[in-house]
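Structure record follows, encoded as structure tokens.
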Amino acid sequence: MYQRSIAALLLVASANAAAVVPPLGYQRQTLLPQFTKRGADYENTTCSTCTLYEPAEQVAAPKSNAWAQISPEDNLAVWNLLHDPASGLNLTDPDTAVINDNYVWYIDTVHVNKSDVLPYLDGSGSKPASWARAIIFEGGKPEPVSQEYMIGPLPMSGETTIQKLDYLYNGGTGGSIPFNGRYFDQKRVDASESLLVSIMSNITDITSALLDGVFYGYKDPKSTLTATTTTPTSFDGNQAYQLIMFRLPGSTTYLRPLDFFVMLDTTGTDASLYKLKGLVTNTQFFPTVADLRAAFEAGELVEEFYQPSDYDWALVKYNPDMGVRELEEKFAPQNLEVGGKRYRLDPEQKYVEYMGWSFYVAHTRTLGIMLYDIRFKGERILYELSMQEAAAQYGGFQPKSAATLYHDTHFSLGADLFPLVEGFDCPFGSTFWNVTIHNKNTTTTNPNSICIFESDAGFPLSRHRAGGASNDYGFSNLGVVKASLLTLRSIATVGNYDYLFDYAFHVDGSLEITVRASGYLQSSFFYRDQGAWGPRIQEATQGSLHDHVLTWKVDFDILGTENNLQVTELKTVNTTQPWWPELGAFEQIQLESYNVETERELHWADNGQLMYAVNHASATNKWGAPRGYRIVPGKSNIRLSTLDSPFSRHNTALSKAHVAVTRQHDTEPWGNSVQNLNMPWKPQQDFTRFFDGESVEGVDLVVWLNLGMHHFTRAEDVPVTLYSEAVSSIMFAPQNFFDNAQDGDLRNRRWYTVPDATDSSDVTALVSEAYGIELPQCKVALQEPIVAQIV
């Protein structure tokens with residue numbers, strides 16, 4: 001039986017009906033005994049300790065996780081098979097290999113075909129077998145390439161084969177790209193180091209004068225400068241180059257750039273043919289060392305600004321020089337699950353259930369966290385939700401800033417999920433999961449790298465006060481529903497940036513993606529006349545203007561695979577109405593809806609006057625409206641600003657529209673390739689080729705969405721960018737998917753009514769309905785967080 005409580009609020013009435021209503025302060029004094037009594041009751045209660053750290057209840061997943069990455073045992077078996085002489089791959093151990101050897105870059109997991117998974121999920125089909133993918137640098141071949149292979153089925157058996165993984169890529173060369181376009185790994189850096197050292201060791205007098213430092217090699221103890229490169233390092237695989245910038249060393253090197261660049265031609269596998277392309281300082285280009293020296297000796301090279309030798313100002317720690325804020329000695333508010341965990345987990349299968357939601361979690365070293373088979377109240381909404389690329393492109397009038405484009409999947413974003421700090425990265429009492437990373441023939445465990453927690457939304461889900469009543473409260477009823485959400489969070493530290501990814505499952509059936517960016521800026525040396533590319537943020541540092549664009553693949557399966565993408569435009573029209581004859585034609589708003597017919601790129605409209613919704617092709621709700629989910633833009637839904645840059649011309653095509661829709665194909669699991677970055681003119685995966693005129697009406701469709709930030713850099717990016725401001729989000733919300741709002745079955749609410757007085761005492765009784773939800777009374781005992789070690 002639901003809990004019912006009645007609070008009788010006694011208001012002292014005047015004997016004279018015409019008496020003045022007592023002031024508010026008087027009413028507060030009259031109610032004080034009630035509040036004082038309640039406080040005393042709490043003090044006399046014996047409180048237990050909150051169950052913050054009790055694990056979530058376990059549940060058995062309905063099916064085994066079909067998207068899980070290959071196991072450590074399978075990784076080792078694949079490694080051994082690839083290195084077996086019988087395989088014919090002629091591999092060298094990466095620890096001893098050089099650039100003209102064949103060696104394994106990494107082993108990951110092949111994306112399982114959706115056409116194989118659905119019969120398993122929805123019927124009696126067998127679970128699809130796992131396959132590994134291996135990228136092998138084949139520098140020992142007459143025509144050196146980087147070639148991707150698929151190995152399976154796994155676990156290893158007599159049926160396991162090694163095949164070229166060509167069918168997933170549409171660039172024309174399958175899983176192969178030229179040697180010059182491959183990842184510029186440490187082997188290639190080592191091969192070009194002798195050329196760089198020969199240049200820098202001959203100009204130590206110049207670098208000492210201009211930079212107050214010297215460079216004799218990456219690991220040479222005499223070096224007082226550190227060297228960093230950028231990407232891309234090729235345009236189409238026919239050539240390769242290194243663009244090297246120098247900085248002051250240390251953990252804050254990103255904020256201490258120097259005004260000196262070396263450009264090398266590093267084409268091919270014969271390092272003896274590598275040569276200098278030029279040097280840049282003082283915004284001048286010098287084709288040779290002799291040209292640089294001539295300018296230096298003529299007194300033409302000077303530095304107006306110098307980087308400070310200390311870097312304490314750039315560390316993410318307490319800075320007493322900024323003063324003290326009043327009351328900041330108190331511990332900050334916390335989001336705590338004081339009522340116990342309201343979600344269930346299958347940790348082995350990485351399966352989650354929460355308030356009607358259910359989904360599977362997968363992880364790869366390339367893409368990081370991916371979610372599958374997302375259902376609400378038993379009905380599938382999404383088959384797949386996965387981040388496809390995190391691109392960043394810079395601008396500037398300096399070699400590195402002008403030429404820099406990053407694809408963070410190229411740098412194995414998923415391998416950069418590290419242990420989270422409880423109470424700061426995630427709330428106290430969160431559930432933590434590990435991630436495993438395969439590295440050559442070993443597997444590393446990054447503990448506590450995913451957290452799961454329920455939190456208060458910070459606002460009520462719904463409420464209404466029916467006012468106008470002639471009682472002491474001024475309303476006849478008031479309803480308010482508590483809003484809560486389950487968040488799955490990970491943080492990827494890719495070089496200088498710390499990307500925070502949140503997937504939030506709201507109790508009303510809405511699903512929200514939020515990405516935030518913190519960490520160090522990639523900065524540039526400061527010049528007074530280069531303000532068009534960012535402000536001065538430190539003594540000799542400019543905050544470099546750049547875009548962050550992160551692309552998600554959203555494979556909607558609204559009640560199945562027969563879906564439409566509906567566009568609803570809000571338009572202004574001139575109308576006449578017979579009940580307003582005196583107005584004649586007048587302007588008002590109305591809706592115009594249609595389905596997208598064929599694959600295409602789309603954009604958000606000005607003033608938000610457009611809605612995209614994915615609907616089932618024929619299913620309707622009780623009121624005859626198509627059942628679907630709306631795509632609700634949130635904060636900073638941008639696209640890449642540059643559409644024809646030579647550094648991102650075709651290799652970053654998926655970042656150039658706000659929204660896109662394609663027909664689902666097993667041969668198009670990824671919108672990008674991890675090897676696209678160094679092939680901007682001839683990519684391995686060309687996203688524009690996904691749009692080949694196929695119908696997307698009533699079929700299995702995929703929506704591609706871009707989030708991100710135009711990073712207008714500022715002094716407040718020092719020491720690091722703040723999560724509060726560098727944020728982007730989007731939501732998927734029911735759009736006529738149900739017959740009414742999905743809050744009626746939530747008991748975490750309050751319903752207040754004010755019945756008419758039943759006697760002559762002028763007593764107004766406020767009736768509160770709590771629906772059996774007791775307020776927990778417990779002590780909070782938080783535990784100091786410990787950062788887990790990587791094992």
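Chain labels run A, B, ... following the order of the structure tokens; each chain numbers its residues from 1, and ligands are numbered from 1 in the order shown.
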
Determine, counting only C-alpha atoms, which protein, DNA and RNA residues have an atom within 6 Å of an atom of Ala132 in chain A; residues of the same chain fewer than 5 positions away are not included. Present the result as number ranges by chain. A: 108-110, 150-151

Near range 237-254 of chain A, within 7 Å and counting only C-alpha atoms, which residues show up once chain neighbours fewer than 6 positions away are dropped, as a PDB file with all heavy atoms, in the first residue's frame?
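around-v6.pdb written:
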ATOM      1  N   PRO A 178      50.119   2.400 -49.606  1.00  0.00           N
ATOM      2  CA  PRO A 178      51.559   2.467 -49.854  1.00  0.00           C
ATOM      3  C   PRO A 178      52.350   2.692 -48.567  1.00  0.00           C
ATOM      4  O   PRO A 178      51.845   3.274 -47.595  1.00  0.00           O
ATOM      5  CB  PRO A 178      51.700   3.665 -50.800  1.00  0.00           C
ATOM      6  CG  PRO A 178      50.350   3.861 -51.395  1.00  0.00           C
ATOM      7  CD  PRO A 178      49.375   3.427 -50.358  1.00  0.00           C
ATOM      8  N   PHE A 179      53.596   2.245 -48.580  1.00  0.00           N
ATOM      9  CA  PHE A 179      54.472   2.412 -47.426  1.00  0.00           C
ATOM     10  C   PHE A 179      54.520   3.868 -46.974  1.00  0.00           C
ATOM     11  O   PHE A 179      54.479   4.168 -45.777  1.00  0.00           O
ATOM     12  CB  PHE A 179      55.885   1.930 -47.772  1.00  0.00           C
ATOM     13  CG  PHE A 179      56.915   2.241 -46.718  1.00  0.00           C
ATOM     14  CD1 PHE A 179      57.160   1.354 -45.682  1.00  0.00           C
ATOM     15  CD2 PHE A 179      57.632   3.440 -46.749  1.00  0.00           C
ATOM     16  CE1 PHE A 179      58.091   1.651 -44.702  1.00  0.00           C
ATOM     17  CE2 PHE A 179      58.576   3.737 -45.778  1.00  0.00           C
ATOM     18  CZ  PHE A 179      58.807   2.835 -44.750  1.00  0.00           C
ATOM     19  N   ASN A 180      54.591   4.802 -47.918  1.00  0.00           N
ATOM     20  CA  ASN A 180      54.732   6.214 -47.564  1.00  0.00           C
ATOM     21  C   ASN A 180      53.507   6.771 -46.853  1.00  0.00           C
ATOM     22  O   ASN A 180      53.596   7.799 -46.178  1.00  0.00           O
ATOM     23  CB  ASN A 180      55.008   7.047 -48.822  1.00  0.00           C
ATOM     24  CG  ASN A 180      56.374   6.770 -49.403  1.00  0.00           C
ATOM     25  OD1 ASN A 180      57.360   6.685 -48.694  1.00  0.00           O
ATOM     26  ND2 ASN A 180      56.429   6.586 -50.727  1.00  0.00           N
ATOM     27  N   GLY A 181      52.357   6.105 -47.010  1.00  0.00           N
ATOM     28  CA  GLY A 181      51.142   6.580 -46.360  1.00  0.00           C
ATOM     29  C   GLY A 181      50.834   5.885 -45.055  1.00  0.00           C
ATOM     30  O   GLY A 181      49.838   6.215 -44.409  1.00  0.00           O
ATOM     31  N   LEU A 225      66.399  20.416 -26.003  1.00  0.00           N
ATOM     32  CA  LEU A 225      65.161  20.657 -26.723  1.00  0.00           C
ATOM     33  C   LEU A 225      64.508  19.316 -27.015  1.00  0.00           C
ATOM     34  O   LEU A 225      65.191  18.294 -27.132  1.00  0.00           O
ATOM     35  CB  LEU A 225      65.414  21.391 -28.045  1.00  0.00           C
ATOM     36  CG  LEU A 225      66.157  22.728 -27.987  1.00  0.00           C
ATOM     37  CD1 LEU A 225      66.388  23.250 -29.405  1.00  0.00           C
ATOM     38  CD2 LEU A 225      65.393  23.736 -27.152  1.00  0.00           C
ATOM     39  N   THR A 226      63.206  19.331 -27.147  1.00  0.00           N
ATOM     40  CA  THR A 226      62.490  18.121 -27.553  1.00  0.00           C
ATOM     41  C   THR A 226      61.853  18.370 -28.918  1.00  0.00           C
ATOM     42  O   THR A 226      61.453  19.495 -29.231  1.00  0.00           O
ATOM     43  CB  THR A 226      61.420  17.736 -26.522  1.00  0.00           C
ATOM     44  OG1 THR A 226      60.833  16.489 -26.895  1.00  0.00           O
ATOM     45  CG2 THR A 226      60.327  18.780 -26.429  1.00  0.00           C
ATOM     46  N   ALA A 227      61.793  17.320 -29.722  1.00  0.00           N
ATOM     47  CA  ALA A 227      61.264  17.432 -31.080  1.00  0.00           C
ATOM     48  C   ALA A 227      59.931  16.702 -31.171  1.00  0.00           C
ATOM     49  O   ALA A 227      59.761  15.625 -30.593  1.00  0.00           O
ATOM     50  CB  ALA A 227      62.246  16.856 -32.088  1.00  0.00           C
ATOM     51  N   THR A 228      59.001  17.278 -31.892  1.00  0.00           N
ATOM     52  CA  THR A 228      57.706  16.648 -32.103  1.00  0.00           C
ATOM     53  C   THR A 228      57.324  16.785 -33.569  1.00  0.00           C
ATOM     54  O   THR A 228      57.729  17.742 -34.239  1.00  0.00           O
ATOM     55  CB  THR A 228      56.626  17.292 -31.220  1.00  0.00           C
ATOM     56  OG1 THR A 228      55.371  16.626 -31.423  1.00  0.00           O
ATOM     57  CG2 THR A 228      56.437  18.771 -31.550  1.00  0.00           C
ATOM     58  N   THR A 229      56.575  15.836 -34.077  1.00  0.00           N
ATOM     59  CA  THR A 229      56.156  15.855 -35.478  1.00  0.00           C
ATOM     60  C   THR A 229      54.658  16.112 -35.566  1.00  0.00           C
ATOM     61  O   THR A 229      53.985  16.303 -34.547  1.00  0.00           O
ATOM     62  CB  THR A 229      56.496  14.528 -36.167  1.00  0.00           C
ATOM     63  OG1 THR A 229      55.823  13.457 -35.478  1.00  0.00           O
ATOM     64  CG2 THR A 229      57.986  14.272 -36.133  1.00  0.00           C
ATOM     65  N   THR A 230      54.142  16.108 -36.765  1.00  0.00           N
ATOM     66  CA  THR A 230      52.714  16.285 -36.952  1.00  0.00           C
ATOM     67  C   THR A 230      52.231  15.324 -38.023  1.00  0.00           C
ATOM     68  O   THR A 230      53.020  14.584 -38.634  1.00  0.00           O
ATOM     69  CB  THR A 230      52.380  17.743 -37.322  1.00  0.00           C
ATOM     70  OG1 THR A 230      50.960  17.938 -37.194  1.00  0.00           O
ATOM     71  CG2 THR A 230      52.813  18.078 -38.736  1.00  0.00           C
ATOM     72  N   PHE A 260      60.952  27.133 -34.298  1.00  0.00           N
ATOM     73  CA  PHE A 260      61.950  26.485 -35.153  1.00  0.00           C
ATOM     74  C   PHE A 260      61.372  25.180 -35.693  1.00  0.00           C
ATOM     75  O   PHE A 260      60.850  24.344 -34.933  1.00  0.00           O
ATOM     76  CB  PHE A 260      63.233  26.193 -34.375  1.00  0.00           C
ATOM     77  CG  PHE A 260      64.437  26.050 -35.258  1.00  0.00           C
ATOM     78  CD1 PHE A 260      65.138  27.171 -35.688  1.00  0.00           C
ATOM     79  CD2 PHE A 260      64.869  24.805 -35.689  1.00  0.00           C
ATOM     80  CE1 PHE A 260      66.248  27.052 -36.522  1.00  0.00           C
ATOM     81  CE2 PHE A 260      65.970  24.663 -36.513  1.00  0.00           C
ATOM     82  CZ  PHE A 260      66.664  25.800 -36.936  1.00  0.00           C
ATOM     83  N   PHE A 261      61.469  25.014 -37.021  1.00  0.00           N
ATOM     84  CA  PHE A 261      60.889  23.865 -37.692  1.00  0.00           C
ATOM     85  C   PHE A 261      61.892  23.303 -38.697  1.00  0.00           C
ATOM     86  O   PHE A 261      62.595  24.053 -39.367  1.00  0.00           O
ATOM     87  CB  PHE A 261      59.605  24.253 -38.438  1.00  0.00           C
ATOM     88  CG  PHE A 261      58.576  24.924 -37.589  1.00  0.00           C
ATOM     89  CD1 PHE A 261      58.615  26.294 -37.376  1.00  0.00           C
ATOM     90  CD2 PHE A 261      57.560  24.195 -36.995  1.00  0.00           C
ATOM     91  CE1 PHE A 261      57.670  26.922 -36.589  1.00  0.00           C
ATOM     92  CE2 PHE A 261      56.603  24.810 -36.202  1.00  0.00           C
ATOM     93  CZ  PHE A 261      56.660  26.178 -35.994  1.00  0.00           C
ATOM     94  N   VAL A 262      61.914  21.975 -38.786  1.00  0.00           N
ATOM     95  CA  VAL A 262      62.724  21.285 -39.789  1.00  0.00           C
ATOM     96  C   VAL A 262      61.791  20.404 -40.614  1.00  0.00           C
ATOM     97  O   VAL A 262      60.994  19.647 -40.046  1.00  0.00           O
ATOM     98  CB  VAL A 262      63.832  20.436 -39.147  1.00  0.00           C
ATOM     99  CG1 VAL A 262      64.599  19.665 -40.220  1.00  0.00           C
ATOM    100  CG2 VAL A 262      64.784  21.313 -38.343  1.00  0.00           C
ATOM    101  N   MET A 263      61.903  20.487 -41.924  1.00  0.00           N
ATOM    102  CA  MET A 263      61.079  19.680 -42.822  1.00  0.00           C
ATOM    103  C   MET A 263      61.980  18.717 -43.573  1.00  0.00           C
ATOM    104  O   MET A 263      62.947  19.134 -44.223  1.00  0.00           O
ATOM    105  CB  MET A 263      60.304  20.579 -43.786  1.00  0.00           C
ATOM    106  CG  MET A 263      59.413  21.598 -43.088  1.00  0.00           C
ATOM    107  SD  MET A 263      58.594  22.765 -44.209  1.00  0.00           S
ATOM    108  CE  MET A 263      57.443  21.671 -45.042  1.00  0.00           C
ATOM    109  N   LEU A 264      61.636  17.411 -43.485  1.00  0.00           N
ATOM    110  CA  LEU A 264      62.447  16.366 -44.097  1.00  0.00           C
ATOM    111  C   LEU A 264      61.636  15.620 -45.145  1.00  0.00           C
ATOM    112  O   LEU A 264      60.440  15.371 -44.965  1.00  0.00           O
ATOM    113  CB  LEU A 264      62.932  15.364 -43.045  1.00  0.00           C
ATOM    114  CG  LEU A 264      63.729  15.903 -41.859  1.00  0.00           C
ATOM    115  CD1 LEU A 264      64.092  14.750 -40.908  1.00  0.00           C
ATOM    116  CD2 LEU A 264      64.984  16.631 -42.322  1.00  0.00           C
ATOM    117  N   ASP A 265      62.297  15.239 -46.219  1.00  0.00           N
ATOM    118  CA  ASP A 265      61.725  14.322 -47.208  1.00  0.00           C
ATOM    119  C   ASP A 265      62.111  12.915 -46.781  1.00  0.00           C
ATOM    120  O   ASP A 265      63.287  12.556 -46.791  1.00  0.00           O
ATOM    121  CB  ASP A 265      62.278  14.635 -48.596  1.00  0.00           C
ATOM    122  CG  ASP A 265      61.667  13.754 -49.687  1.00  0.00           C
ATOM    123  OD1 ASP A 265      61.186  12.650 -49.363  1.00  0.00           O
ATOM    124  OD2 ASP A 265      61.686  14.175 -50.853  1.00  0.00           O
ATOM    125  N   THR A 266      61.125  12.107 -46.380  1.00  0.00           N
ATOM    126  CA  THR A 266      61.401  10.754 -45.875  1.00  0.00           C
ATOM    127  C   THR A 266      60.700   9.709 -46.730  1.00  0.00           C
ATOM    128  O   THR A 266      60.154   8.730 -46.222  1.00  0.00           O
ATOM    129  CB  THR A 266      60.954  10.633 -44.411  1.00  0.00           C
ATOM    130  OG1 THR A 266      59.569  11.021 -44.314  1.00  0.00           O
ATOM    131  CG2 THR A 266      61.770  11.547 -43.510  1.00  0.00           C
ATOM    132  N   THR A 267      60.721   9.905 -48.027  1.00  0.00           N
ATOM    133  CA  THR A 267      60.063   8.986 -48.953  1.00  0.00           C
ATOM    134  C   THR A 267      60.838   7.674 -49.051  1.00  0.00           C
ATOM    135  O   THR A 267      62.066   7.671 -49.177  1.00  0.00           O
ATOM    136  CB  THR A 267      59.966   9.623 -50.343  1.00  0.00           C
ATOM    137  OG1 THR A 267      59.241  10.856 -50.238  1.00  0.00           O
ATOM    138  CG2 THR A 267      59.261   8.703 -51.318  1.00  0.00           C
ATOM    139  N   TYR A 311      57.926  25.555 -15.419  1.00  0.00           N
ATOM    140  CA  TYR A 311      56.607  25.206 -15.967  1.00  0.00           C
ATOM    141  C   TYR A 311      55.611  24.850 -14.876  1.00  0.00           C
ATOM    142  O   TYR A 311      54.601  24.201 -15.124  1.00  0.00           O
ATOM    143  CB  TYR A 311      56.716  24.069 -16.979  1.00  0.00           C
ATOM    144  CG  TYR A 311      57.379  22.804 -16.486  1.00  0.00           C
ATOM    145  CD1 TYR A 311      56.659  21.852 -15.768  1.00  0.00           C
ATOM    146  CD2 TYR A 311      58.723  22.553 -16.755  1.00  0.00           C
ATOM    147  CE1 TYR A 311      57.270  20.684 -15.338  1.00  0.00           C
ATOM    148  CE2 TYR A 311      59.338  21.394 -16.319  1.00  0.00           C
ATOM    149  CZ  TYR A 311      58.597  20.453 -15.612  1.00  0.00           C
ATOM    150  OH  TYR A 311      59.198  19.300 -15.174  1.00  0.00           O
ATOM    151  N   ALA A 314      51.950  25.535 -15.502  1.00  0.00           N
ATOM    152  CA  ALA A 314      51.215  24.733 -16.481  1.00  0.00           C
ATOM    153  C   ALA A 314      50.807  23.370 -15.936  1.00  0.00           C
ATOM    154  O   ALA A 314      50.378  22.510 -16.708  1.00  0.00           O
ATOM    155  CB  ALA A 314      52.054  24.558 -17.738  1.00  0.00           C
ATOM    156  N   LYS A 400      53.594  23.865 -38.497  1.00  0.00           N
ATOM    157  CA  LYS A 400      52.868  22.809 -37.799  1.00  0.00           C
ATOM    158  C   LYS A 400      51.384  23.125 -37.670  1.00  0.00           C
ATOM    159  O   LYS A 400      50.528  22.279 -37.976  1.00  0.00           O
ATOM    160  CB  LYS A 400      53.466  22.567 -36.411  1.00  0.00           C
ATOM    161  CG  LYS A 400      52.789  21.422 -35.648  1.00  0.00           C
ATOM    162  CD  LYS A 400      53.494  21.116 -34.339  1.00  0.00           C
ATOM    163  CE  LYS A 400      52.757  20.081 -33.519  1.00  0.00           C
ATOM    164  NZ  LYS A 400      52.761  18.738 -34.142  1.00  0.00           N
ATOM    165  N   TYR A 520      45.932  19.600 -22.440  1.00  0.00           N
ATOM    166  CA  TYR A 520      46.753  20.704 -22.942  1.00  0.00           C
ATOM    167  C   TYR A 520      46.408  21.060 -24.379  1.00  0.00           C
ATOM    168  O   TYR A 520      46.146  20.185 -25.211  1.00  0.00           O
ATOM    169  CB  TYR A 520      48.237  20.344 -22.876  1.00  0.00           C
ATOM    170  CG  TYR A 520      48.787  20.281 -21.466  1.00  0.00           C
ATOM    171  CD1 TYR A 520      49.211  19.081 -20.917  1.00  0.00           C
ATOM    172  CD2 TYR A 520      48.878  21.432 -20.693  1.00  0.00           C
ATOM    173  CE1 TYR A 520      49.724  19.022 -19.626  1.00  0.00           C
ATOM    174  CE2 TYR A 520      49.380  21.383 -19.405  1.00  0.00           C
ATOM    175  CZ  TYR A 520      49.800  20.180 -18.869  1.00  0.00           C
ATOM    176  OH  TYR A 520      50.292  20.139 -17.596  1.00  0.00           O
ATOM    177  N   LEU A 521      46.436  22.352 -24.662  1.00  0.00           N
ATOM    178  CA  LEU A 521      46.358  22.805 -26.046  1.00  0.00           C
ATOM    179  C   LEU A 521      47.604  22.374 -26.814  1.00  0.00           C
ATOM    180  O   LEU A 521      48.694  22.300 -26.240  1.00  0.00           O
ATOM    181  CB  LEU A 521      46.301  24.329 -26.105  1.00  0.00           C
ATOM    182  CG  LEU A 521      45.052  25.064 -25.645  1.00  0.00           C
ATOM    183  CD1 LEU A 521      45.291  26.564 -25.757  1.00  0.00           C
ATOM    184  CD2 LEU A 521      43.861  24.666 -26.496  1.00  0.00           C
ATOM    185  N   GLN A 522      47.434  22.101 -28.104  1.00  0.00           N
ATOM    186  CA  GLN A 522      48.599  22.141 -28.976  1.00  0.00           C
ATOM    187  C   GLN A 522      48.760  23.603 -29.363  1.00  0.00           C
ATOM    188  O   GLN A 522      47.932  24.168 -30.075  1.00  0.00           O
ATOM    189  CB  GLN A 522      48.410  21.285 -30.223  1.00  0.00           C
ATOM    190  CG  GLN A 522      49.577  21.436 -31.194  1.00  0.00           C
ATOM    191  CD  GLN A 522      49.439  20.578 -32.428  1.00  0.00           C
ATOM    192  OE1 GLN A 522      49.514  19.365 -32.361  1.00  0.00           O
ATOM    193  NE2 GLN A 522      49.218  21.212 -33.576  1.00  0.00           N
ATOM    194  N   SER A 523      49.808  24.229 -28.883  1.00  0.00           N
ATOM    195  CA  SER A 523      49.959  25.666 -29.041  1.00  0.00           C
ATOM    196  C   SER A 523      51.032  25.997 -30.078  1.00  0.00           C
ATOM    197  O   SER A 523      51.749  25.121 -30.568  1.00  0.00           O
ATOM    198  CB  SER A 523      50.310  26.306 -27.699  1.00  0.00           C
ATOM    199  OG  SER A 523      51.479  25.704 -27.159  1.00  0.00           O
ATOM    200  N   MET A 679      46.725   9.783 -45.972  1.00  0.00           N
ATOM    201  CA  MET A 679      46.312   9.637 -47.379  1.00  0.00           C
ATOM    202  C   MET A 679      45.183  10.619 -47.710  1.00  0.00           C
ATOM    203  O   MET A 679      44.118  10.226 -48.191  1.00  0.00           O
ATOM    204  CB  MET A 679      45.855   8.196 -47.631  1.00  0.00           C
ATOM    205  CG  MET A 679      46.911   7.132 -47.387  1.00  0.00           C
ATOM    206  SD  MET A 679      48.147   7.064 -48.697  1.00  0.00           S
ATOM    207  CE  MET A 679      47.166   6.306 -50.000  1.00  0.00           C
TER     208      MET A 679
END

Here is a test: counting only C-alpha atoms, which residue of A:Met709, A:Ala617, A:Val703, A:Val567 is nearest to Glu384 in chain A?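 Nearest to Glu384 in chain A: A:Val703.
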
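Taking CA of Leu478 in chain A and CA of Pro755 in chain A as the two end points, the separation is 12.4 Å.
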
Find the residue from A:Asn75, A:Asn446, A:Thr431, A:Thr667 that sits nearest to Arg342 in chain A; use only C-alpha atoms when measuring.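 So, comparing all the options, the nearest one is A:Thr431.
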
Using only C-alpha atoms, which protein or nucleic acid residues come within 12 Å of range 737-740 of chain A? Drop anything in the same chain fewer than 4 positions from it, and give the result as a ChimeraX atom specification. /A:376-377,379-381,508-510,558-559,613-616,619-630,732-733,744-745

Using only C-alpha atoms, which residues of range 438-477 of chain A come within 10 Å of range 79-83 of chain A, and what is the closest atom pair for each, with the distance in Å to one decimal? Give it as JSON lines, sorted by chain and residue number.
{"residue": "A:Lys440", "atom": "CA", "partner": "A:Trp79", "partner_atom": "CA", "distance": 7.1}
{"residue": "A:Asn441", "atom": "CA", "partner": "A:Trp79", "partner_atom": "CA", "distance": 5.8}
{"residue": "A:Thr442", "atom": "CA", "partner": "A:Trp79", "partner_atom": "CA", "distance": 9.3}

Write the selection just made, keeping all heavy atoms, as a PDB file, in the first residue's frame?
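Output file result_20.pdb follows:
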ATOM      1  N   LYS A 440      51.027  -6.573 -29.346  1.00  0.00           N
ATOM      2  CA  LYS A 440      51.852  -7.667 -29.874  1.00  0.00           C
ATOM      3  C   LYS A 440      51.330  -9.004 -29.344  1.00  0.00           C
ATOM      4  O   LYS A 440      50.148  -9.310 -29.525  1.00  0.00           O
ATOM      5  CB  LYS A 440      53.330  -7.419 -29.553  1.00  0.00           C
ATOM      6  CG  LYS A 440      53.876  -6.165 -30.250  1.00  0.00           C
ATOM      7  CD  LYS A 440      55.344  -5.976 -30.051  1.00  0.00           C
ATOM      8  CE  LYS A 440      55.696  -5.459 -28.689  1.00  0.00           C
ATOM      9  NZ  LYS A 440      57.094  -5.001 -28.578  1.00  0.00           N
ATOM     10  N   ASN A 441      52.159  -9.764 -28.640  1.00  0.00           N
ATOM     11  CA  ASN A 441      51.706 -11.079 -28.171  1.00  0.00           C
ATOM     12  C   ASN A 441      51.318 -11.064 -26.708  1.00  0.00           C
ATOM     13  O   ASN A 441      51.216 -12.104 -26.068  1.00  0.00           O
ATOM     14  CB  ASN A 441      52.790 -12.138 -28.413  1.00  0.00           C
ATOM     15  CG  ASN A 441      54.094 -11.809 -27.707  1.00  0.00           C
ATOM     16  OD1 ASN A 441      54.275 -10.692 -27.234  1.00  0.00           O
ATOM     17  ND2 ASN A 441      54.998 -12.778 -27.634  1.00  0.00           N
ATOM     18  N   THR A 442      51.101  -9.881 -26.143  1.00  0.00           N
ATOM     19  CA  THR A 442      50.684  -9.768 -24.750  1.00  0.00           C
ATOM     20  C   THR A 442      49.397  -8.971 -24.665  1.00  0.00           C
ATOM     21  O   THR A 442      48.965  -8.326 -25.627  1.00  0.00           O
ATOM     22  CB  THR A 442      51.772  -9.079 -23.899  1.00  0.00           C
ATOM     23  OG1 THR A 442      51.953  -7.738 -24.384  1.00  0.00           O
ATOM     24  CG2 THR A 442      53.089  -9.826 -23.982  1.00  0.00           C
TER      25      THR A 442
END

d(CA of Ser358 in chain A, CA of Ala129 in chain A) in Å: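 If I compute the distance from CA of Ser358 in chain A to CA of Ala129 in chain A, I get 23.2 Å.
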
Among the residues A:Thr662, A:Asn65, A:Gln590, A:Gln742, the one that comes closest to Pro128 in chain A [using only C-alpha atoms]: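 Nearest to Pro128 in chain A: A:Asn65.
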
Excluding range 648-658 of chain A and residues on its chain fewer than 4 positions from it, collect all residues at most 7 Å away from it, counting only C-alpha atoms, and give them as a compact mmCIF listing (two decimals) with C-alpha atoms, in the first residue's frame.
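New file selection.txt:
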# COMPACT_ATOMS: atom_id res chain seq x y z
CA LEU A 405 45.22 17.18 -38.90
CA VAL A 549 34.89 17.03 -34.86
CA THR A 551 31.64 11.40 -35.69
CA GLU A 601 24.44 14.45 -46.41
CA LEU A 602 22.26 16.83 -44.41
CA HIS A 603 22.62 19.88 -42.19
CA TRP A 604 20.90 21.57 -39.28
CA ILE A 638 29.31 21.45 -35.65
CA ARG A 639 31.07 20.11 -38.71
CA LEU A 640 34.62 20.60 -39.94
CA LEU A 643 36.01 21.61 -46.81
CA ASP A 644 38.92 21.58 -49.29
CA GLY A 671 33.05 5.57 -41.89
CA ASN A 676 43.28 7.31 -43.79
CA LEU A 677 45.17 10.03 -41.96
CA MET A 679 46.31 9.64 -47.38
CA PRO A 680 44.27 12.87 -47.68
CA TRP A 681 44.18 12.80 -51.49
CA LYS A 682 43.67 9.06 -51.95
CA PRO A 683 42.11 7.58 -48.81
CA ASP A 686 36.33 7.33 -48.89
CA PHE A 687 33.15 8.20 -47.02
CA THR A 688 31.73 10.07 -50.01
CA LEU A 705 26.26 12.51 -36.69
CA ASN A 706 28.98 15.01 -35.90
